[in-house]
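This report concerns only the one structure given below.
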Amino acid sequence: MIQVLTNNWPTLLTGFGNTLLCSVIALFFSLIIGSGFAIMETLPNKLCRIIANTYIEIFRNIPLLVITMFFYVVVPQYVLKMSGFTAGTIGLTLYTSSFIAETVRAGIQAVDTGQMEGARSTGLTYWQSMRYIILPQAFRLVIPPLGNQFINLIKNSSVLAFVAGFDLMYQGDALASATFDTFNTYLVVGVFYLILTLPLSYYMRHLEKKLA
Amino acid sequence: MAMIEFNQLNKYYGDFHALKDIDLKVNQGEVVVVIGPSGSGKSTLIRTINGLEGFSDGQLVVNGMDLSDKKADLNALRRDVGMVFQHFNLYDNKTVLENVMLAPRLVLKRDEAENKKIAMEYLKLVGLTDKVDSKPRQLSGGQKQRVAIARSLAMRPKVMLFDEPTSALDPEMIDDVLNVIKEIVHTTDMTMVVVTHEMGFAREVADRVVFVDGGRIVEDDPAEEFYNHPKEERARQFLSKIIVHK
């Protein structure tokens with residue numbers, strides 16, 4: 001195992017870096033997009049709710065790999081050239097954002113309706129009430145399920161391997177087929193994923209306790 | 001001058017006729033107590049006054065604003081119409097002081113130092129200056145309700161609405177809250193509408209008593225007259241039940 005590491009250090013590190021980069025970008029944008037659609041789903045306006053719901057149901061119910069292949073194969077053919085890394089990151093972002101949207105929506109709806117009424121009764125606008133009262137409470141409620149989504153996101157970034165995204169999984173596959181040392185290679189790859197997911201997992205738990 | 005004026009107002013929830021031909025006028029500075037059995041529509045009635053509930057037809061003018069106009073600026077209305085709820089509805093994610101300071105800061109753009117000074121004045125009025133840094137969950141029900149009252153007062157409203165302010169409280173806490181409300185009644189000339197089952201309190205503060213049953217205003221009398229000589233049989237029945245329980 002050590003040998004796999006020392007012999008292929010630059011390759012693995014590149015893969016690790018790409019996985020990390022893809023995850024950070026996808027996490028950032030899926031959190032923003034997901035929260036946006038979550039808010040849209042709870043708006044009084046019916047059209048907004050329908051749009052949000054359609055988006056969520058589409059990306060939640062199509063396999064990540066299909067979404068990713070669409071951006072890797074179909075979009076470059078007709079619209080815009082993009083690398084496997086970009087296609088994979090976009091696919092991962094859209095896919096995860098639909099789950100985050102459902103999670104955050106549940107959080108918003110779990111906040112007691114009295115909170116909104118209290119805020120509106122003092123003259124706050126709908127958006128002020130959301131920003132200062134509802135959303136802070138909603139996010140606190142959904143930290144544990146959000147943590148799950150984040151961890152899933154990191155693991156799902158291995159979809160990059162299918163579209164030449166040069167991530168950890170891709171490099172692992174390449175090494176395994178070049179050296180035939182499949183056992184040690186995938187062991188090392190697994191450990192690298194743990195290096196990303198375990199601290200995140202502990203951090204989310206810490207956050208949950210701190211804000212409880 | 002009429003601060004609140006209902007004119008033939010009706011409200012339906014689907015097929016359910018929640019408010020029927022409501023005619024009610026509350027003058028500036030008047031304290032009106034609304035009583036009635038549960039499900040009679042008294043909560044719905046008071047919640048239409050600040051637009052938390054809409055209505056189906058008829059007219060309602062509050063502080064000069066016609067609420068039957070679809071474009072009525074409810075946010076502007078609510079600057080002048082405070083509300084205290086049965087379940088307090090304090091912001092759970094904010095401290096007591098922040099609960100009181102938030103709306104004046106965001107809505108009135110009140111200067112921060114001034115805002116704090118005014119917030120502290122009202123927290124003093126309700127006797128909770130030692131709780132400024134507490135979160136709502138660390139307070140008792142009575143304390144929460146007093147913070148809620150301070151939060152409304154900090155906006156310096158012209159009208160205060162109280163929707164069963166003591167119904168969710170332990171018996172021992174009720175007096176603390178009622179005393180604060182009495183204090184406001186006696187020291188300001190704010191217009192108030194109070195939904196309550198506290199008859200002794202109602203008798204002491206009310207200028208008028210409105211009895212609601214089945215979505216209709218059954219009786220609307222000066223307070224003393226209502227308690228001593230209720231005209232309607234239904235009101236008599238209701239009163240006798242409450243008084244027996246006392």
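We label chains A, B, ... in the order they appear in the structure tokens, count residues from 1 in each chain, and number ligands from 1 in the order shown.
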Could you list, as a list in words, every residue of chain A that has an atom within 10 Å of an atom of chain B, counting only C-alpha atoms?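 That gives Val111, Asp112, Thr113, Gly114, Gln115, Met116, Glu117, Gly118, Ala119, Arg120, Ser121, Thr122, Gly123, Leu124, Thr125, Tyr126, Gln128, Ser129, Tyr132, Ile133, Ile134, Pro136, Gln137 and Arg140 of chain A for chain A.
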Within 6 Å of range 196-212 of chain B, counting only C-alpha atoms, which residues qualify if same-chain residues fewer than 3 places away don't, as a list in words? Val31, Val32, Val33, Val34, Ile35, Gly36, Glu164, Arg216, Ile217, Val218, Glu219, Asp220, Asp221, Pro222 and Ala223 of chain B
Take the residues just selected and output them with N, CA, C and O atoms as a tab-separated table (two decimals), in the first residue's frame.
chain	number	residue	atom	x	y	z
B	31	VAL	N	-60.91	50.99	24.01
B	31	VAL	CA	-60.47	49.63	24.30
B	31	VAL	C	-61.69	48.71	24.16
B	31	VAL	O	-62.66	48.84	24.90
B	32	VAL	N	-61.62	47.82	23.18
B	32	VAL	CA	-62.75	46.93	22.91
B	32	VAL	C	-62.32	45.50	23.22
B	32	VAL	O	-61.29	45.03	22.74
B	33	VAL	N	-63.11	44.83	24.04
B	33	VAL	CA	-62.83	43.43	24.33
B	33	VAL	C	-63.79	42.56	23.52
B	33	VAL	O	-64.98	42.83	23.45
B	34	VAL	N	-63.22	41.55	22.88
B	34	VAL	CA	-64.02	40.62	22.09
B	34	VAL	C	-64.09	39.30	22.83
B	34	VAL	O	-63.05	38.74	23.19
B	35	ILE	N	-65.30	38.83	23.10
B	35	ILE	CA	-65.42	37.52	23.75
B	35	ILE	C	-66.35	36.64	22.91
B	35	ILE	O	-67.04	37.12	22.00
B	36	GLY	N	-66.33	35.36	23.24
B	36	GLY	CA	-67.18	34.43	22.51
B	36	GLY	C	-66.62	33.03	22.64
B	36	GLY	O	-65.45	32.85	22.99
B	164	GLU	N	-56.04	36.55	22.54
B	164	GLU	CA	-55.97	35.63	23.68
B	164	GLU	C	-54.58	35.60	24.31
B	164	GLU	O	-53.93	34.56	24.35
B	216	ARG	N	-70.79	35.84	13.88
B	216	ARG	CA	-71.62	37.05	13.85
B	216	ARG	C	-71.40	37.85	15.14
B	216	ARG	O	-71.15	37.26	16.19
B	217	ILE	N	-71.47	39.16	15.02
B	217	ILE	CA	-71.44	39.96	16.25
B	217	ILE	C	-72.85	39.95	16.82
B	217	ILE	O	-73.79	40.48	16.23
B	218	VAL	N	-73.00	39.31	17.97
B	218	VAL	CA	-74.33	39.13	18.56
B	218	VAL	C	-74.68	40.31	19.44
B	218	VAL	O	-75.82	40.73	19.51
B	219	GLU	N	-73.66	40.83	20.11
B	219	GLU	CA	-73.95	41.94	21.03
B	219	GLU	C	-72.75	42.87	21.08
B	219	GLU	O	-71.60	42.42	21.05
B	220	ASP	N	-73.00	44.16	21.14
B	220	ASP	CA	-71.94	45.17	21.17
B	220	ASP	C	-72.40	46.26	22.12
B	220	ASP	O	-73.23	47.09	21.78
B	221	ASP	N	-71.89	46.21	23.36
B	221	ASP	CA	-72.40	47.08	24.42
B	221	ASP	C	-71.26	47.75	25.16
B	221	ASP	O	-70.16	47.23	25.19
B	222	PRO	N	-71.57	48.86	25.83
B	222	PRO	CA	-70.60	49.37	26.82
B	222	PRO	C	-70.35	48.27	27.86
B	222	PRO	O	-71.25	47.48	28.16
B	223	ALA	N	-69.11	48.21	28.38
B	223	ALA	CA	-68.69	47.08	29.20
B	223	ALA	C	-69.63	46.79	30.38
B	223	ALA	O	-70.09	45.67	30.56
Please provide the set of residues having any atom within 10 Å of Thr14 in chain A, restricted to only C-alpha atoms, with same-chain residues fewer than 5 positions apart removed, written as a PyMOL selection string. chain A and resi 9+19-20+166-168+171
Distance query range 63-69 of chain A at most 12 Å, only C-alpha atoms, self and fewer than 3 positions along chain excluded, as a count of residues only: 41
Selection: 8 Å around range 237-240 of chain B, only C-alpha atoms, excl. self and same-chain fewer than 4 positions, as a list of chain:residue names: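 With the cut-off at 8 Å, the set is B:Gly36, B:Pro37, B:Tyr227, B:Glu233, B:Val244.
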List the neighbours of range 184-199 of chain A out to 7 Å using only C-alpha atoms; skip same-chain residues closer than 2 positions along the sequence, and give me the result as a ChimeraX atom specification. /A:1,4,151,168-169,172,175-176,181-182,201-203
Per DSSP on the backbone, filter range 26-245 of chain B down to the residues in strand (DSSP E) and report them as a PyMOL selection string. chain B and resi 26-27+31-35+57-62+65-66+81-84+159-163+191-195+208-213+216-222
In Å and to one decimal, CA of Ile100 in chain A is distant from CA of Ser30 in chain A by 7.2 Å
Just give me the gap between CA of Gly36 in chain A and CA of Ala52 in chain A in Å, one decimal is fine. 8.7 Å
CA of Val185 in chain B to CA of Phe162 in chain B, straight-line distance in Å: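 According to the coordinates, CA of Phe162 in chain B and CA of Val185 in chain B are separated by 12.3 Å.
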Which residue is closest to Asn18 in chain A? Choose from A:Leu200, A:Leu207, A:Ala212, A:Ile154 and count only C-alpha atoms.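 Among A:Leu200, A:Leu207, A:Ala212, A:Ile154, it is A:Ile154 that comes nearest to Asn18 in chain A.
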Neighbours of range 208-211 of chain A within 9 Å (only C-alpha atoms; same-chain residues fewer than 6 positions away dropped), as an MDAnalysis selection string? chainID A and resid 140:141 143:144
